[in-house]
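Peer 1: Shown below is the structure under consideration.
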Amino acid sequence: MKLFFCFIIIFMFGLIGYTLSNFYLYRKKFFFNLDMFVKAFKMNVNFSSKKLIVFIDDYIKNVHDKSFSQLLLNFKNAITMNSSFDYQLLFHDINILNKHEKESVFQLFSKLGRVNVLSQNDYIDGFLDISAEFYNSSKNESIKYSSLYTKLGIILGVLLVIIIY
Amino acid sequence: MLNKILPKKIMELLESNFNENEINEIRIRVNMPIVVFCGNKTYIMCDCGNLSSGGREVIGTYEMVEEVVFRASEYSIYANNEQIKNGYIVLDDGTRVGLCGDVVGENGVVTIRDFSSVCIRVPHNIKDCSLPIFDIIYDGVVVNNTLIVSPPGAGKTTMLKDLIYQFSIRKLKYNIFIADERGEISGGIKNMYVNNCDYLCYLNKKNAIMYGLRSMSPDIVVTDELGTESDFEAVEYASCCGVSVFATIHAKDVNDIKNKKEIMLMIDKKLIERIVVLSNRNGVGTIESVYNNNLISIYGGAM
């Protein structure tokens, strides 16, 4: 019985650590998908010229990241609803970005489809540097913290078991 | 369709103060009052309806104009550059959004940006509006080459669409080919259950007519708003190929036509057999007169 409780405590703390570490993995995944989306959109603007809504509908089918799909859905809803495009609508249900990241992403999305090919390319090129920076920093954070939190969780669990018993 | 492109505030004012079916045109200009042409009258839009009912004028803003262009382009201005550089965007139903702004380009227009005004022209399908002149254009045997003439906004395209519709409902065995450079004719035709026409959109008239003649073997070629030399060449070519042509051109009356060299050449060659003059005198689409190829009035006007 004692052994079983020890296992449960360690497992619970490990799980908490793993959940915390996932936050960094999700961020990394989000920025990877954002970077891919922007590059794909640039290709679309210059070559296939699909309408923005059609492009998003097609693209979203291949996105397996919940937060990024949510961002695309929010964007689609925000522009198709007959109201002004705003910050709250775009980031509804997305909790993994900080204020600075949200502002940069908002800047990009507020220009998608609203300008001609030349200007659209300029905006995208400008954003690609920023998105690469976001991706790299989220990747570094993920390397730094994701395994650390899982390990910390397990260590805390073990410590608690030692203290209790 | 208007609710898809207009900002919410303007749409609410339109819905509550105007009969949407009678709206012909809406003009939104930056820092100027919004103007609505409805039921052959001009209204300045106010926050409680139109100026005659008092209230404050609704002033167009840069954001409003930008929003209209963004929505009209189906949220994809980058994908509509060909139309934008010609100064308009045409919606699926034939509604035309005319644009003004800063032209970008070196040799010719590359694009337009920083839009300063939009003119939304709402098309109307007026069934049977061409009936008074149908027998003059088609006598049961011959389809006469017809040129519809009027100033802008007097119902040329509406008349053209109804002519196509009349051929369709009579189940006449004529294949009609529409060289629809701006997508305005086909946009309206789609809602009229026309069953005898093919249309090629967004290609210049010359290439579209050549394409149509080669590939669709039409009996009648229909095209809108002749303007450039190549347009006249294409119509002339089609007329010489044994097909009938219905076309439109901007002009006030037959005297204006006399000043258009290319048209007079075609009339002299008997390539245009009927000239229908329209005006706004008694509402959009008033048929003023019809002339034959000797420029003698055969319907209305001074005989």
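A note on labels: chains of the structure tokens are A, B, ... as shown, every chain counts residues from 1, and ligands are counted from 1 in their shown order.
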Compile a residue-level contact table for chain B against chain A at a cut-off of 7 Å, reporting for every qualifying residue the shortest atom pair and its distance in Å to one decimal, with only C-alpha atoms counted, rows ordered by chain and ascending number, as JSON lines.

Peer 2:
{"residue": "B:Pro7", "atom": "CA", "partner": "A:Asn82", "partner_atom": "CA", "distance": 6.6}
{"residue": "B:Lys8", "atom": "CA", "partner": "A:Asn82", "partner_atom": "CA", "distance": 5.7}
{"residue": "B:Phe70", "atom": "CA", "partner": "A:Arg114", "partner_atom": "CA", "distance": 5.8}
{"residue": "B:Glu74", "atom": "CA", "partner": "A:Lys51", "partner_atom": "CA", "distance": 6.8}
{"residue": "B:Tyr75", "atom": "CA", "partner": "A:Gly113", "partner_atom": "CA", "distance": 5.4}
{"residue": "B:Ser76", "atom": "CA", "partner": "A:Gly113", "partner_atom": "CA", "distance": 4.2}
{"residue": "B:Ile77", "atom": "CA", "partner": "A:Gly113", "partner_atom": "CA", "distance": 5.5}
{"residue": "B:Tyr78", "atom": "CA", "partner": "A:Asn116", "partner_atom": "CA", "distance": 4.3}
{"residue": "B:Ala79", "atom": "CA", "partner": "A:Ser49", "partner_atom": "CA", "distance": 5.2}
{"residue": "B:Asn81", "atom": "CA", "partner": "A:Asn116", "partner_atom": "CA", "distance": 6.8}

Peer 1: Could you write those residues out with C-alpha atoms, as a compact mmCIF listing (two decimals), in the first residue's frame?

Peer 2:
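again00.txt, written as the output of this step:
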# COMPACT_ATOMS: atom_id res chain seq x y z
CA PRO B 7 -19.46 48.67 -42.91
CA LYS B 8 -22.07 47.79 -40.30
CA PHE B 70 -11.11 44.85 -48.50
CA GLU B 74 -13.13 39.01 -50.73
CA TYR B 75 -10.51 39.96 -48.14
CA SER B 76 -7.77 39.57 -50.74
CA ILE B 77 -6.66 42.80 -52.34
CA TYR B 78 -3.49 41.05 -53.55
CA ALA B 79 -5.63 38.66 -55.63
CA ASN B 81 -4.82 43.55 -58.69

Peer 1: Could you list, as a CSV table (one decimal) with N, CA, C and O atoms, in the first residue's frame, every residue within 9 Å of range 265-277 of chain B, counting only C-alpha atoms and ignoring same-chain residues fewer than 6 positions away?

Peer 2:
chain,number,residue,atom,x,y,z
B,133,ILE,N,-38.3,47.7,-77.7
B,133,ILE,CA,-37.5,47.8,-78.9
B,133,ILE,C,-37.1,46.4,-79.4
B,133,ILE,O,-36.3,46.3,-80.4
B,136,ILE,N,-37.7,45.8,-83.0
B,136,ILE,CA,-36.9,46.6,-83.9
B,136,ILE,C,-35.5,45.9,-84.0
B,136,ILE,O,-34.9,46.0,-85.1
B,137,ILE,N,-35.1,45.3,-83.0
B,137,ILE,CA,-33.8,44.6,-83.0
B,137,ILE,C,-33.8,43.3,-83.7
B,137,ILE,O,-33.0,42.9,-84.5
B,144,ASN,N,-30.5,42.3,-85.7
B,144,ASN,CA,-29.7,43.5,-86.2
B,144,ASN,C,-28.5,43.8,-85.2
B,144,ASN,O,-28.7,43.7,-84.0
B,145,ASN,N,-27.4,44.1,-85.8
B,145,ASN,CA,-26.3,44.6,-84.9
B,145,ASN,C,-26.7,45.9,-84.2
B,145,ASN,O,-27.2,46.8,-84.8
B,146,THR,N,-26.6,45.8,-82.9
B,146,THR,CA,-27.2,46.9,-82.1
B,146,THR,C,-26.2,47.6,-81.2
B,146,THR,O,-25.4,46.9,-80.5
B,147,LEU,N,-26.2,48.9,-81.2
B,147,LEU,CA,-25.4,49.6,-80.3
B,147,LEU,C,-26.3,50.4,-79.3
B,147,LEU,O,-27.1,51.2,-79.7
B,148,ILE,N,-26.1,50.2,-78.0
B,148,ILE,CA,-26.9,50.9,-77.0
B,148,ILE,C,-26.0,52.0,-76.5
B,148,ILE,O,-24.9,51.8,-76.1
B,149,VAL,N,-26.6,53.2,-76.5
B,149,VAL,CA,-25.9,54.4,-76.2
B,149,VAL,C,-26.5,55.2,-75.1
B,149,VAL,O,-27.7,55.3,-75.0
B,150,SER,N,-25.7,55.6,-74.1
B,150,SER,CA,-26.2,56.4,-73.0
B,150,SER,C,-25.1,57.0,-72.2
B,150,SER,O,-24.0,56.5,-72.3
B,232,PHE,N,-13.2,48.4,-80.9
B,232,PHE,CA,-13.9,48.6,-82.2
B,232,PHE,C,-13.4,47.6,-83.2
B,232,PHE,O,-14.3,47.1,-84.0
B,235,VAL,N,-15.1,44.3,-82.6
B,235,VAL,CA,-16.6,44.3,-82.9
B,235,VAL,C,-16.7,44.2,-84.4
B,235,VAL,O,-17.6,43.5,-85.0
B,236,GLU,N,-15.9,45.0,-85.1
B,236,GLU,CA,-15.9,45.0,-86.6
B,236,GLU,C,-15.6,43.6,-87.1
B,236,GLU,O,-16.3,43.2,-88.0
B,239,SER,N,-18.6,41.4,-86.6
B,239,SER,CA,-19.6,41.7,-87.5
B,239,SER,C,-19.4,41.2,-88.9
B,239,SER,O,-20.3,40.8,-89.6
B,240,CYS,N,-18.1,41.1,-89.3
B,240,CYS,CA,-17.7,40.6,-90.6
B,240,CYS,C,-17.6,39.1,-90.6
B,240,CYS,O,-17.3,38.5,-91.7
B,245,VAL,N,-23.9,41.5,-83.4
B,245,VAL,CA,-23.2,42.0,-82.2
B,245,VAL,C,-24.2,43.0,-81.5
B,245,VAL,O,-24.9,43.8,-82.1
B,251,ALA,N,-22.2,57.7,-74.5
B,251,ALA,CA,-22.5,58.9,-75.3
B,251,ALA,C,-23.8,59.5,-74.9
B,251,ALA,O,-24.7,58.7,-74.4
B,252,LYS,N,-24.0,60.8,-75.0
B,252,LYS,CA,-25.2,61.4,-74.6
B,252,LYS,C,-26.3,61.1,-75.6
B,252,LYS,O,-27.5,60.8,-75.2
B,253,ASP,N,-26.0,61.3,-76.8
B,253,ASP,CA,-27.1,61.2,-77.8
B,253,ASP,C,-26.4,60.8,-79.2
B,253,ASP,O,-25.2,60.6,-79.2
B,254,VAL,N,-27.2,60.9,-80.2
B,254,VAL,CA,-26.6,60.5,-81.5
B,254,VAL,C,-25.6,61.5,-82.0
B,254,VAL,O,-24.7,61.2,-82.8
B,286,THR,N,-34.7,55.1,-69.7
B,286,THR,CA,-35.7,55.7,-70.6
B,286,THR,C,-35.2,55.5,-72.0
B,286,THR,O,-34.1,56.0,-72.3
B,287,ILE,N,-36.0,54.9,-72.8
B,287,ILE,CA,-35.6,54.8,-74.3
B,287,ILE,C,-36.0,56.1,-75.0
B,287,ILE,O,-37.1,56.4,-75.2
B,288,GLU,N,-34.9,56.8,-75.4
B,288,GLU,CA,-35.2,58.1,-76.0
B,288,GLU,C,-35.5,57.9,-77.5
B,288,GLU,O,-36.5,58.4,-78.0
B,289,SER,N,-34.7,57.1,-78.2
B,289,SER,CA,-35.0,56.8,-79.6
B,289,SER,C,-34.1,55.7,-80.1
B,289,SER,O,-33.2,55.3,-79.4
B,290,VAL,N,-34.5,55.1,-81.2
B,290,VAL,CA,-33.8,54.1,-81.9
B,290,VAL,C,-33.5,54.6,-83.3
B,290,VAL,O,-34.4,55.1,-84.0
B,291,TYR,N,-32.2,54.5,-83.7
B,291,TYR,CA,-31.9,55.0,-85.1
B,291,TYR,C,-31.5,53.8,-85.9
B,291,TYR,O,-31.0,52.8,-85.4
B,292,ASN,N,-31.7,53.9,-87.2
B,292,ASN,CA,-31.2,52.8,-88.1
B,292,ASN,C,-29.8,53.2,-88.6
B,292,ASN,O,-29.2,54.2,-88.2
B,293,ASN,N,-29.3,52.4,-89.6
B,293,ASN,CA,-27.9,52.7,-90.0
B,293,ASN,C,-27.7,53.9,-90.9
B,293,ASN,O,-26.6,54.2,-91.3
B,294,ASN,N,-28.8,54.6,-91.2
B,294,ASN,CA,-28.7,55.9,-91.9
B,294,ASN,C,-28.9,57.0,-90.9
B,294,ASN,O,-29.1,58.2,-91.3
B,295,LEU,N,-28.9,56.7,-89.6
B,295,LEU,CA,-29.1,57.6,-88.5
B,295,LEU,C,-30.4,58.3,-88.6
B,295,LEU,O,-30.6,59.5,-88.3
B,299,TYR,N,-37.8,55.0,-83.9
B,299,TYR,CA,-38.6,54.8,-82.7
B,299,TYR,C,-38.3,55.9,-81.8
B,299,TYR,O,-37.2,56.3,-81.5

Peer 1: Determine, counting only C-alpha atoms, which protein, DNA and RNA residues have an atom within 12 Å of an atom of Ile16 in chain A; residues of the same chain fewer than 2 positions away are not included. Present the result as a list in words.

Peer 2: Ile9, Ile10, Phe11, Met12, Phe13, Gly14, Tyr18, Thr19, Leu20, Ser21, Asn22, Phe23, Ser146, Leu148, Tyr149, Thr150, Lys151, Leu152, Gly153, Ile154, Ile155, Leu156 and Gly157 of chain A

Peer 1: Could you write out that same residue set with C-alpha atoms as a JSON list (two decimals), in the first residue's frame?

Peer 2:
[["chain", "number", "residue", "atom", "x", "y", "z"],
["A", 9, "ILE", "CA", 2.70, 10.94, -5.46],
["A", 10, "ILE", "CA", 5.72, 10.75, -7.77],
["A", 11, "PHE", "CA", 3.46, 10.21, -10.78],
["A", 12, "MET", "CA", 1.24, 13.20, -9.87],
["A", 13, "PHE", "CA", 4.18, 15.56, -9.43],
["A", 14, "GLY", "CA", 5.75, 14.24, -12.62],
["A", 18, "TYR", "CA", 5.13, 17.52, -17.66],
["A", 19, "THR", "CA", 2.05, 19.78, -18.06],
["A", 20, "LEU", "CA", 4.16, 22.85, -17.24],
["A", 21, "SER", "CA", 6.82, 21.78, -19.70],
["A", 22, "ASN", "CA", 4.17, 21.37, -22.39],
["A", 23, "PHE", "CA", 3.55, 25.10, -22.26],
["A", 146, "SER", "CA", 10.54, 21.62, -20.88],
["A", 148, "LEU", "CA", 13.58, 20.69, -16.53],
["A", 149, "TYR", "CA", 9.98, 20.98, -15.35],
["A", 150, "THR", "CA", 9.32, 17.27, -15.81],
["A", 151, "LYS", "CA", 12.51, 16.43, -13.87],
["A", 152, "LEU", "CA", 11.68, 19.00, -11.18],
["A", 153, "GLY", "CA", 8.21, 17.49, -10.81],
["A", 154, "ILE", "CA", 9.60, 14.00, -10.32],
["A", 155, "ILE", "CA", 12.29, 15.24, -7.89],
["A", 156, "LEU", "CA", 9.66, 17.14, -5.86],
["A", 157, "GLY", "CA", 7.51, 14.00, -5.79]]

Peer 1: From the list A:Phe127, A:Phe91, A:Phe7, A:Tyr24, which residue is nearest Phe37 in chain A when using only C-alpha atoms?

Peer 2: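 Counting only C-alpha atoms, the residue closest to Phe37 in chain A is A:Phe127.
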
Peer 1: Can you tell me how far CA of Ile59 in chain B sits from CA of Val103 in chain B, in Å to one decimal?

Peer 2: 23.7 Å

Peer 1: Pick the closest to Leu160 in chain B from B:Gly60, B:Pro218, B:Pro123, B:Pro33: which is it, counting only C-alpha atoms?

Peer 2: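 Checking each of B:Gly60, B:Pro218, B:Pro123, B:Pro33 against Leu160 in chain B, counting only C-alpha atoms, the winner is B:Pro123.
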
Peer 1: Quick one: residues within 10 Å of Ile130 in chain A, only C-alpha atoms, excluding same-chain residues fewer than 3 positions away - as a PyMOL selection string?

Peer 2: chain A and resi 35+101+104-105+124-127+133-136

Peer 1: Quick check, in Å to one decimal: how far apart do CA of Val58 in chain B and CA of Val284 in chain B lie?

Peer 2: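 Distance reported for this atom pair: 26.3 Å.
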
Peer 1: Which polymer residues have any atom within 9 Å of an atom of Tyr62 in chain B, counting only C-alpha atoms, with same-chain residues fewer than 3 positions away left out, as a list in words?

Peer 2: Arg29, Val30, Asn31, Val65, Glu66, Glu67, Asp114, Phe115, Ser116 and Ser117 of chain B

Peer 1: DSSP says strand (DSSP E or B) for which residues of range 19-245 of chain B? Put them as an MDAnalysis selection string?

Peer 2: chainID B and resid 23:30 33 35:38 41:46 49:50 57 59:60 88:90 96:104 111:121 138 143 146:150 176:180 197:201 220:223 244:245

Peer 1: Select from range 17-197 of chain B everything DSSP, run on the backbone, classes as alpha helix (DSSP H), then give the selection as a PyMOL selection string.

Peer 2: chain B and resi 17+62-72+81-85+131-137+156-169+184-189

Peer 1: What's the 10 Å shell around Tyr59 in chain A, counting only C-alpha atoms, without same-chain residues fewer than 2 positions away, as a list in words?

Peer 2: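 Counting only C-alpha atoms, the residues come to Phe37, Ala40, Phe41, Ile53, Val54, Phe55, Ile56, Asp57, Lys61, Asn62, Val63, Ser69 and Leu72 of chain A.
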
Peer 1: Please report the interatomic distance between CA of Lys9 in chain B and CA of Cys100 in chain B in Å with one decimal.

Peer 2: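 Result for CA of Lys9 in chain B versus CA of Cys100 in chain B: 21.9 Å, one decimal.
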